[in-house]
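Visitor: mmCIF, C-alpha atoms (C1' of nucleotides), saved as model_31.cif, coming up:
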```
data_upload
#
loop_
_atom_site.label_atom_id
_atom_site.label_comp_id
_atom_site.auth_asym_id
_atom_site.auth_seq_id
_atom_site.Cartn_x
_atom_site.Cartn_y
_atom_site.Cartn_z
CA MET A 834 24.03 -35.83 -103.64
CA ASP A 835 25.10 -39.29 -104.76
CA MET A 836 22.60 -41.72 -103.32
CA ASP A 837 25.02 -44.49 -102.52
CA LYS A 838 27.11 -42.11 -100.50
CA ALA A 839 24.13 -40.81 -98.55
CA GLN A 840 23.17 -44.37 -97.82
CA LYS A 841 26.61 -45.23 -96.49
CA ILE A 842 26.77 -42.13 -94.35
CA GLY A 843 23.33 -42.83 -92.97
CA ASP A 844 24.48 -46.32 -92.09
CA ARG A 845 27.38 -44.86 -90.20
CA LEU A 846 25.03 -42.62 -88.26
CA VAL A 847 22.75 -45.51 -87.41
CA ALA A 848 25.73 -47.62 -86.39
CA HIS A 849 26.47 -44.95 -83.80
CA GLY A 850 22.91 -44.78 -82.56
CA ILE A 851 22.05 -41.58 -84.39
CA ARG A 852 19.00 -41.17 -86.60
CA ARG A 853 19.22 -40.88 -90.35
CA THR A 854 17.98 -37.33 -90.90
CA PRO A 855 18.84 -35.20 -93.95
CA PHE A 856 20.64 -32.62 -91.87
CA ARG A 857 22.77 -35.11 -89.95
CA ILE A 858 23.69 -36.88 -93.16
CA GLU A 859 24.77 -33.60 -94.67
CA LEU A 860 26.72 -32.73 -91.53
CA LEU A 861 28.66 -35.97 -91.40
CA GLN A 862 29.27 -35.73 -95.12
CA LEU A 863 30.68 -32.26 -94.61
CA PHE A 864 33.06 -33.48 -91.93
CA ILE A 865 34.20 -36.42 -94.01
CA GLU A 866 34.95 -34.27 -97.01
CA SER A 867 36.58 -31.48 -95.08
CA LYS A 868 40.35 -31.48 -95.08
CA SER A 869 40.80 -29.60 -91.84
CA SER A 870 38.63 -29.22 -88.78
CA LEU A 871 35.47 -27.13 -88.57
CA SER A 872 34.07 -24.70 -86.04
CA HIS A 873 30.38 -24.26 -85.39
CA GLN A 874 30.43 -21.14 -87.46
CA GLU A 875 32.08 -22.79 -90.45
CA VAL A 876 29.55 -25.58 -90.29
CA LYS A 877 26.71 -23.11 -90.26
CA GLU A 878 28.04 -21.35 -93.33
CA LYS A 879 28.34 -24.56 -95.32
CA ILE A 880 25.24 -26.47 -94.30
CA THR A 881 22.08 -26.00 -96.35
CA SER A 882 19.57 -28.25 -94.62
CA THR A 883 19.19 -26.01 -91.59
CA LYS A 884 19.97 -22.48 -90.57
CA ASP A 885 19.27 -22.98 -86.89
CA LYS A 886 22.35 -22.69 -84.72
CA VAL A 887 20.86 -24.71 -81.87
CA THR A 888 20.24 -27.65 -84.14
CA ILE A 889 23.85 -27.51 -85.21
CA TYR A 890 25.15 -27.22 -81.66
CA ARG A 891 23.10 -30.18 -80.62
CA ALA A 892 24.16 -32.31 -83.54
CA LEU A 893 27.81 -31.51 -82.80
CA ASP A 894 27.37 -32.44 -79.15
CA ASN A 895 25.62 -35.60 -80.16
CA PHE A 896 28.27 -36.63 -82.69
CA LEU A 897 30.90 -35.93 -80.06
CA GLU A 898 29.14 -38.00 -77.46
CA LYS A 899 28.64 -40.89 -79.86
CA GLY A 900 32.26 -40.81 -80.95
CA LEU A 901 31.77 -39.69 -84.54
CA ILE A 902 33.83 -36.55 -84.16
CA HIS A 903 36.28 -35.21 -81.63
CA LYS A 904 37.26 -31.80 -80.37
CA VAL A 905 40.47 -30.28 -81.55
CA PRO A 906 42.30 -27.35 -79.97
CA ASP A 907 42.12 -23.87 -81.41
CA VAL A 908 43.99 -20.60 -81.03
CA ASN A 909 41.09 -18.46 -79.93
CA ASN A 910 39.39 -20.74 -77.47
CA VAL A 911 36.63 -21.56 -79.92
CA ALA A 912 35.46 -25.15 -80.18
CA ARG A 913 36.50 -26.99 -83.34
CA TYR A 914 35.68 -30.50 -84.46
CA ALA A 915 37.00 -33.12 -86.84
CA VAL A 916 35.72 -36.54 -87.81
CA CYS A 917 37.18 -39.53 -86.04
CA PRO A 918 38.77 -42.29 -88.05
CA ASP A 919 36.32 -45.11 -88.67
CA ASN A 920 37.99 -47.35 -86.13
CA CYS A 921 37.49 -44.82 -83.38
CA ALA A 922 35.49 -46.57 -80.69
CA GLN A 923 32.95 -44.73 -78.65
CA GLU A 924 34.83 -45.17 -75.42
CA ALA A 925 38.45 -45.18 -76.43
CA HIS A 926 39.22 -42.59 -79.06
CA VAL A 927 42.32 -43.36 -81.02
CA HIS A 928 43.31 -39.90 -82.11
CA ASN A 929 46.42 -39.54 -80.04
CA HIS A 930 48.17 -37.61 -82.71
CA VAL A 931 49.63 -34.13 -82.53
CA HIS A 932 47.60 -31.13 -83.66
CA PHE A 933 49.00 -28.21 -85.56
CA VAL A 934 47.40 -24.78 -85.31
CA CYS A 935 48.38 -22.17 -87.88
CA GLU A 936 48.89 -18.70 -86.45
CA SER A 937 48.06 -17.08 -89.74
CA CYS A 938 45.02 -18.82 -91.24
CA GLU A 939 44.04 -20.19 -87.81
CA LYS A 940 43.21 -23.61 -89.21
CA THR A 941 43.86 -26.72 -87.17
CA PHE A 942 45.50 -29.75 -88.77
CA CYS A 943 45.69 -33.29 -87.49
CA LEU A 944 49.23 -34.58 -87.87
CA ASP A 945 48.09 -38.17 -88.20
CA ASN A 946 51.61 -39.51 -88.46
CA VAL A 947 52.99 -37.73 -85.43
CA GLU A 948 52.29 -39.56 -82.19
CA VAL A 949 51.96 -37.78 -78.88
CA PRO A 950 55.06 -38.58 -76.82
CA SER A 951 54.15 -39.60 -73.29
CA VAL A 952 55.20 -37.84 -70.12
CA GLN A 953 55.30 -38.83 -66.49
CA VAL A 954 52.99 -36.77 -64.31
CA PRO A 955 53.97 -36.08 -60.70
CA GLU A 956 52.89 -38.26 -57.80
CA GLY A 957 49.26 -37.65 -56.89
CA PHE A 958 47.98 -36.69 -60.31
CA ASN A 959 45.98 -39.21 -62.26
CA ALA A 960 46.25 -38.66 -65.99
CA SER A 961 43.56 -39.81 -68.36
CA SER A 962 44.32 -38.07 -71.62
CA PHE A 963 47.14 -36.23 -73.30
CA SER A 964 47.02 -33.44 -75.81
CA TYR A 965 49.88 -32.01 -77.80
CA THR A 966 49.50 -28.91 -79.95
CA VAL A 967 52.09 -27.26 -82.11
CA THR A 968 51.64 -23.66 -83.16
CA GLY A 969 53.30 -22.05 -86.16
CA LEU A 970 52.81 -21.56 -89.87
CA CYS A 971 51.20 -24.16 -92.09
CA LYS A 972 52.24 -25.12 -95.60
CA THR A 973 50.13 -22.54 -97.36
CA CYS A 974 50.85 -19.70 -94.97
CA GLY A 975 54.60 -19.80 -95.28
CA GLY A 976 56.05 -22.76 -93.54
CA THR A 977 59.28 -23.90 -95.16
CA ALA A 978 58.11 -23.14 -98.69
CA MET B 1464 49.02 -4.52 -47.63
CA ASP B 1465 52.69 -4.68 -46.69
CA MET B 1466 54.31 -1.59 -48.14
CA ASP B 1467 57.60 -3.18 -49.09
CA LYS B 1468 55.81 -5.81 -51.08
CA ALA B 1469 53.68 -3.26 -52.88
CA GLN B 1470 56.83 -1.37 -53.72
CA LYS B 1471 58.52 -4.44 -55.16
CA ILE B 1472 55.50 -5.39 -57.20
CA GLY B 1473 55.21 -1.85 -58.50
CA ASP B 1474 58.85 -2.01 -59.53
CA ARG B 1475 58.17 -5.16 -61.45
CA LEU B 1476 55.30 -3.45 -63.25
CA VAL B 1477 57.44 -0.47 -64.14
CA ALA B 1478 60.24 -2.76 -65.29
CA HIS B 1479 57.79 -4.14 -67.81
CA GLY B 1480 56.63 -0.73 -68.97
CA ILE B 1481 53.37 -0.81 -67.03
CA ARG B 1482 52.23 1.97 -64.73
CA ARG B 1483 52.13 1.63 -60.97
CA THR B 1484 48.40 1.84 -60.29
CA PRO B 1485 46.68 0.40 -57.21
CA PHE B 1486 44.61 -1.99 -59.26
CA ARG B 1487 47.50 -3.32 -61.31
CA ILE B 1488 49.57 -3.81 -58.17
CA GLU B 1489 46.75 -5.74 -56.60
CA LEU B 1490 46.33 -7.79 -59.76
CA LEU B 1491 49.97 -8.78 -60.03
CA GLN B 1492 50.04 -9.52 -56.32
CA LEU B 1493 47.05 -11.79 -56.77
CA PHE B 1494 48.76 -13.71 -59.55
CA ILE B 1495 51.97 -14.06 -57.58
CA GLU B 1496 50.21 -15.42 -54.53
CA SER B 1497 47.86 -17.69 -56.43
CA LYS B 1498 48.88 -21.34 -56.52
CA SER B 1499 47.04 -22.21 -59.71
CA SER B 1500 46.03 -20.16 -62.71
CA LEU B 1501 43.17 -17.66 -62.79
CA SER B 1502 40.38 -16.93 -65.21
CA HIS B 1503 38.95 -13.47 -65.77
CA GLN B 1504 36.02 -14.39 -63.60
CA GLU B 1505 38.14 -15.59 -60.70
CA VAL B 1506 40.17 -12.41 -60.87
CA LYS B 1507 37.02 -10.35 -60.78
CA GLU B 1508 35.80 -12.13 -57.69
CA LYS B 1509 39.02 -11.60 -55.80
CA ILE B 1510 39.99 -8.09 -56.80
CA THR B 1511 38.77 -5.21 -54.64
CA SER B 1512 40.20 -2.14 -56.38
CA THR B 1513 37.85 -2.34 -59.33
CA LYS B 1514 34.61 -4.00 -60.27
CA ASP B 1515 34.79 -3.14 -63.94
CA LYS B 1516 35.25 -6.15 -66.18
CA VAL B 1517 36.69 -4.13 -69.04
CA THR B 1518 39.45 -2.78 -66.83
CA ILE B 1519 40.32 -6.32 -65.85
CA TYR B 1520 40.26 -7.58 -69.43
CA ARG B 1521 42.52 -4.78 -70.50
CA ALA B 1522 44.97 -5.31 -67.67
CA LEU B 1523 45.14 -9.02 -68.47
CA ASP B 1524 45.78 -8.29 -72.14
CA ASN B 1525 48.41 -5.78 -71.16
CA PHE B 1526 50.19 -8.11 -68.74
CA LEU B 1527 50.12 -10.78 -71.41
CA GLU B 1528 51.56 -8.48 -74.03
CA LYS B 1529 54.30 -7.27 -71.72
CA GLY B 1530 55.23 -10.79 -70.71
CA LEU B 1531 54.14 -10.69 -67.08
CA ILE B 1532 51.66 -13.50 -67.42
CA HIS B 1533 50.92 -16.19 -69.97
CA LYS B 1534 47.86 -18.01 -71.16
CA VAL B 1535 47.29 -21.54 -70.02
CA PRO B 1536 44.91 -24.06 -71.57
CA ASP B 1537 41.53 -24.83 -70.05
CA VAL B 1538 38.84 -27.45 -70.42
CA ASN B 1539 35.97 -25.20 -71.39
CA ASN B 1540 37.62 -22.91 -73.87
CA VAL B 1541 37.82 -20.10 -71.34
CA ALA B 1542 40.98 -18.02 -71.13
CA ARG B 1543 43.13 -18.61 -68.05
CA TYR B 1544 46.33 -16.90 -66.99
CA ALA B 1545 49.29 -17.50 -64.72
CA VAL B 1546 52.35 -15.42 -63.81
CA CYS B 1547 55.49 -15.96 -65.74
CA PRO B 1548 58.65 -16.77 -63.84
CA ASP B 1549 60.72 -13.66 -63.27
CA ASN B 1550 63.22 -14.65 -65.91
CA CYS B 1551 60.57 -14.84 -68.57
CA ALA B 1552 61.62 -12.40 -71.27
CA GLN B 1553 59.06 -10.45 -73.20
CA GLU B 1554 59.87 -12.12 -76.47
CA ALA B 1555 60.89 -15.61 -75.50
CA HIS B 1556 58.72 -17.08 -72.80
CA VAL B 1557 60.35 -19.88 -70.91
CA HIS B 1558 57.34 -21.79 -69.69
CA ASN B 1559 57.75 -24.89 -71.78
CA HIS B 1560 56.37 -27.10 -69.09
CA VAL B 1561 53.40 -29.43 -69.23
CA HIS B 1562 50.00 -28.26 -68.04
CA PHE B 1563 47.56 -30.41 -66.13
CA VAL B 1564 43.83 -29.76 -66.30
CA CYS B 1565 41.63 -31.43 -63.70
CA GLU B 1566 38.39 -32.82 -65.10
CA SER B 1567 36.66 -32.48 -61.77
CA CYS B 1568 37.58 -29.12 -60.23
CA GLU B 1569 38.58 -27.77 -63.66
CA LYS B 1570 41.69 -26.09 -62.29
CA THR B 1571 44.82 -25.86 -64.39
CA PHE B 1572 48.20 -26.69 -62.88
CA CYS B 1573 51.65 -25.91 -64.21
CA LEU B 1574 53.83 -29.00 -63.91
CA ASP B 1575 56.99 -26.97 -63.61
CA ASN B 1576 59.20 -30.01 -63.43
CA VAL B 1577 57.80 -31.79 -66.45
CA GLU B 1578 59.31 -30.60 -69.70
CA VAL B 1579 57.47 -30.69 -72.98
CA PRO B 1580 59.02 -33.43 -75.11
CA SER B 1581 59.68 -32.25 -78.62
CA VAL B 1582 58.22 -33.68 -81.79
CA GLN B 1583 59.15 -33.49 -85.44
CA VAL B 1584 56.51 -31.74 -87.56
CA PRO B 1585 56.03 -32.84 -91.18
CA GLU B 1586 57.80 -31.19 -94.09
CA GLY B 1587 56.26 -27.84 -94.91
CA PHE B 1588 55.05 -26.90 -91.47
CA ASN B 1589 57.00 -24.33 -89.51
CA ALA B 1590 56.62 -24.79 -85.78
CA SER B 1591 57.08 -21.93 -83.38
CA SER B 1592 55.66 -23.16 -80.11
CA PHE B 1593 54.63 -26.38 -78.45
CA SER B 1594 51.95 -27.02 -75.90
CA TYR B 1595 51.35 -30.18 -73.93
CA THR B 1596 48.29 -30.63 -71.76
CA VAL B 1597 47.40 -33.60 -69.63
CA THR B 1598 43.81 -34.11 -68.50
CA GLY B 1599 42.75 -36.19 -65.52
CA LEU B 1600 42.22 -35.91 -61.79
CA CYS B 1601 44.34 -33.70 -59.57
CA LYS B 1602 45.61 -34.52 -56.10
CA THR B 1603 42.60 -33.16 -54.26
CA CYS B 1604 40.00 -34.55 -56.64
CA GLY B 1605 41.10 -38.15 -56.39
CA GLY B 1606 44.29 -38.76 -58.22
CA THR B 1607 46.26 -41.58 -56.63
CA ALA B 1608 45.24 -40.70 -53.10
"C1'" DG C 313 55.32 22.03 -57.84
"C1'" DC C 314 53.05 22.72 -62.60
"C1'" DT C 315 52.15 21.10 -67.14
"C1'" DT C 316 51.38 17.85 -70.28
"C1'" DA C 317 51.35 13.44 -72.99
"C1'" DA C 318 50.41 8.95 -72.57
"C1'" DA C 319 48.44 5.28 -69.95
"C1'" DA C 320 44.76 3.57 -67.27
"C1'" DT C 321 39.94 3.63 -65.65
"C1'" DG C 322 34.77 3.51 -65.85
"C1'" DC C 323 30.65 3.15 -68.21
"C1'" DA C 324 27.37 1.97 -71.82
"C1'" DA C 325 26.46 -0.43 -75.50
"C1'" DC C 326 27.49 -4.12 -78.29
"C1'" DC C 327 28.91 -8.74 -80.36
"C1'" DA C 328 29.87 -13.74 -80.51
"C1'" DT C 329 29.45 -18.11 -78.66
"C1'" DG C 330 26.91 -21.29 -76.43
"C1'" DT C 331 22.60 -22.93 -73.50
"C1'" DT C 332 17.72 -23.92 -71.89
"C1'" DG C 333 12.87 -24.87 -72.34
"C1'" DC C 334 9.27 -26.14 -74.92
"C1'" DA C 335 6.21 -27.35 -78.69
"C1'" DA C 336 6.03 -29.57 -83.13
"C1'" DC C 337 7.71 -33.01 -86.15
"C1'" DA C 338 10.31 -37.21 -88.10
"C1'" DT C 339 12.26 -41.71 -87.60
"C1'" DT C 340 12.30 -46.24 -86.00
"C1'" DG C 341 10.73 -50.53 -84.05
"C1'" DA C 342 6.92 -53.22 -82.41
"C1'" DT D 1208 -0.09 -48.07 -88.12
"C1'" DC D 1209 1.00 -46.44 -83.66
"C1'" DA D 1210 3.75 -45.10 -79.90
"C1'" DA D 1211 8.22 -43.98 -78.05
"C1'" DT D 1212 11.92 -41.53 -78.57
"C1'" DG D 1213 15.11 -38.76 -81.22
"C1'" DT D 1214 15.38 -34.52 -83.73
"C1'" DT D 1215 14.18 -29.85 -85.18
"C1'" DG D 1216 12.94 -24.86 -84.75
"C1'" DC D 1217 12.15 -20.88 -82.25
"C1'" DA D 1218 12.50 -17.56 -78.54
"C1'" DA D 1219 14.73 -16.18 -74.80
"C1'" DC D 1220 18.65 -16.15 -72.05
"C1'" DA D 1221 23.54 -16.56 -70.26
"C1'" DT D 1222 28.38 -15.89 -70.54
"C1'" DG D 1223 32.71 -14.27 -72.26
"C1'" DG D 1224 34.75 -10.77 -74.50
"C1'" DT D 1225 35.13 -6.13 -77.34
"C1'" DT D 1226 34.65 -1.14 -78.81
"C1'" DG D 1227 34.25 3.78 -78.28
"C1'" DC D 1228 34.55 7.59 -75.65
"C1'" DA D 1229 34.92 10.74 -71.78
"C1'" DT D 1230 37.42 11.19 -67.47
"C1'" DT D 1231 41.11 10.43 -64.29
"C1'" DT D 1232 45.77 9.10 -62.99
"C1'" DT D 1233 50.58 8.49 -63.64
"C1'" DA D 1234 55.23 9.76 -64.93
"C1'" DA D 1235 58.44 12.83 -66.94
"C1'" DG D 1236 60.17 17.48 -68.27
"C1'" DC D 1237 60.50 22.06 -67.05
#
```
As structure tokens - that is how I would like this structure written.
Guide:
Amino acid sequence: MDMDKAQKIGDRLVAHGIRRTPFRIELLQLFIESKSSLSHQEVKEKITSTKDKVTIYRALDNFLEKGLIHKVPDVNNVARYAVCPDNCAQEAHVHNHVHFVCESCEKTFCLDNVEVPSVQVPEGFNASSFSYTVTGLCKTCGGTA
Amino acid sequence: MDMDKAQKIGDRLVAHGIRRTPFRIELLQLFIESKSSLSHQEVKEKITSTKDKVTIYRALDNFLEKGLIHKVPDVNNVARYAVCPDNCAQEAHVHNHVHFVCESCEKTFCLDNVEVPSVQVPEGFNASSFSYTVTGLCKTCGGTA
DNA sequence: GCTTAAAATGCAACCATGTTGCAACATTGA
DNA sequence: TCAATGTTGCAACATGGTTGCATTTTAAGC
């Protein structure tokens, strides 16, 4: 791997209070280069620095907690993750965009340009976050070709 | 159980191409009387006519397929179900309302009066369904008390 | 009411996803 | 360099969900 890149990624880890280990560098790198989101399983298939699932689970939890990645919805109730934009603060995530889940390839896409419209919840409820997911067919699987 | 009620519920099963068995009557009854949605586990705890998890899983799948119930989102990636309104056709479900998931008690509520606002998906994507979920605190767990 | 096909049940075994505890090791800061 | 703390690896476990198959129940035709 390009050394400059590894250095930068390590810096980003450290900036989020995470240690600069080979595996975690590779993991963040993977997320950054991935077009769509990743499940634990997909991560495990692609990562070379470890084969231990627990290590991966823990790194994902940690990245999530430190605001490096966020959870995205999925068809089959399996957890999926995607990297947060760089300006995503630890406390206030700024990924209030709509997600698109393809029924065919089951990938999840972040529609970065589509904002989540707000709704008014009934009296008594106290809303803290909003999630909007569209299901259908993605470009490759036969959207409007 | 009230015999008239059992009869009516059985009719509803039959109307959806499902057989009138004691367990399935009890199951549909349970869904109808339940205020919020139910997970497989909650169903298992409340049902008396069977203790077999597979039977419950299969009935849930079947009800889902035949349009008697629908899936609702959940915090922990666990499947949850709720009855469809009576006018919910097998093909075109009419539950385009917003769901509310409580972070504290982890229950899911159907906000029947809050419609899902529509969004425009980017060129190339072909949307078929829309899901809007609000997370926060429900009435009992300390919404605006 | 009897017969029969299809649907529903029960059970055992299995799989996938995710978690816990603990010992060993690596990274960082003093 | 040394200690504190974060990270890794492994084994064992927990939960949610599935598959296959034999048996029973339901509904429909005679």
Visitor: Any idea what's packed within 12 Å of B:Arg1475, counting all atoms listed in the file, ignoring anything in its chain fewer than 5 positions away? Could you give it as JSON, numbers by chain?
Guide: {"B": [1468, 1469, 1470, 1480, 1481, 1482, 1483, 1487, 1488, 1491, 1492, 1495, 1526, 1529, 1530, 1531, 1547, 1548, 1549, 1550]}
Visitor: List the spatial neighbours of stretch 1210-1226 of chain D as a list in words - criterion: any atom at most 8 Å away, only C-alpha atoms (C1' of nucleotides), same-chain residues fewer than 6 positions off excluded.
Guide: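 Residues meeting the cut-off are Arg852, Asp885 and Thr888 of chain A; Val1541 of chain B; DC326, DC327, DT331, DT332, DC337, DA338 and DT339 of chain C.
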Visitor: Find, counting all atoms listed in the file, the residue in B:Ala1522, B:Ile1510, B:Leu1600, B:Leu1501 that gets nearest to chain C.
Guide: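 Checking each of B:Ala1522, B:Ile1510, B:Leu1600, B:Leu1501 against chain C, counting all atoms listed in the file, the winner is B:Ala1522.
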Visitor: To one decimal place, how far is atom CA of B:Leu1574 from atom CA of B:Tyr1595 in Å?
Guide: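 Computing the Euclidean distance for atom CA of B:Leu1574 and atom CA of B:Tyr1595 yields 10.4 Å.
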Visitor: Just give me the gap between atom CA of A:Asn895 and atom CA of A:His930 in Å, one decimal is fine.
Guide: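 According to the coordinates, atom CA of A:Asn895 and atom CA of A:His930 are separated by 22.8 Å.
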Visitor: Measuring atom to atom with all atoms listed in the file, identify which of A:Ser961, A:Thr968, A:Thr941, A:Ser872 is nearest to chain C.
Guide: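 Once distances to chain C are computed over all atoms listed in the file, the minimum belongs to A:Ser872.
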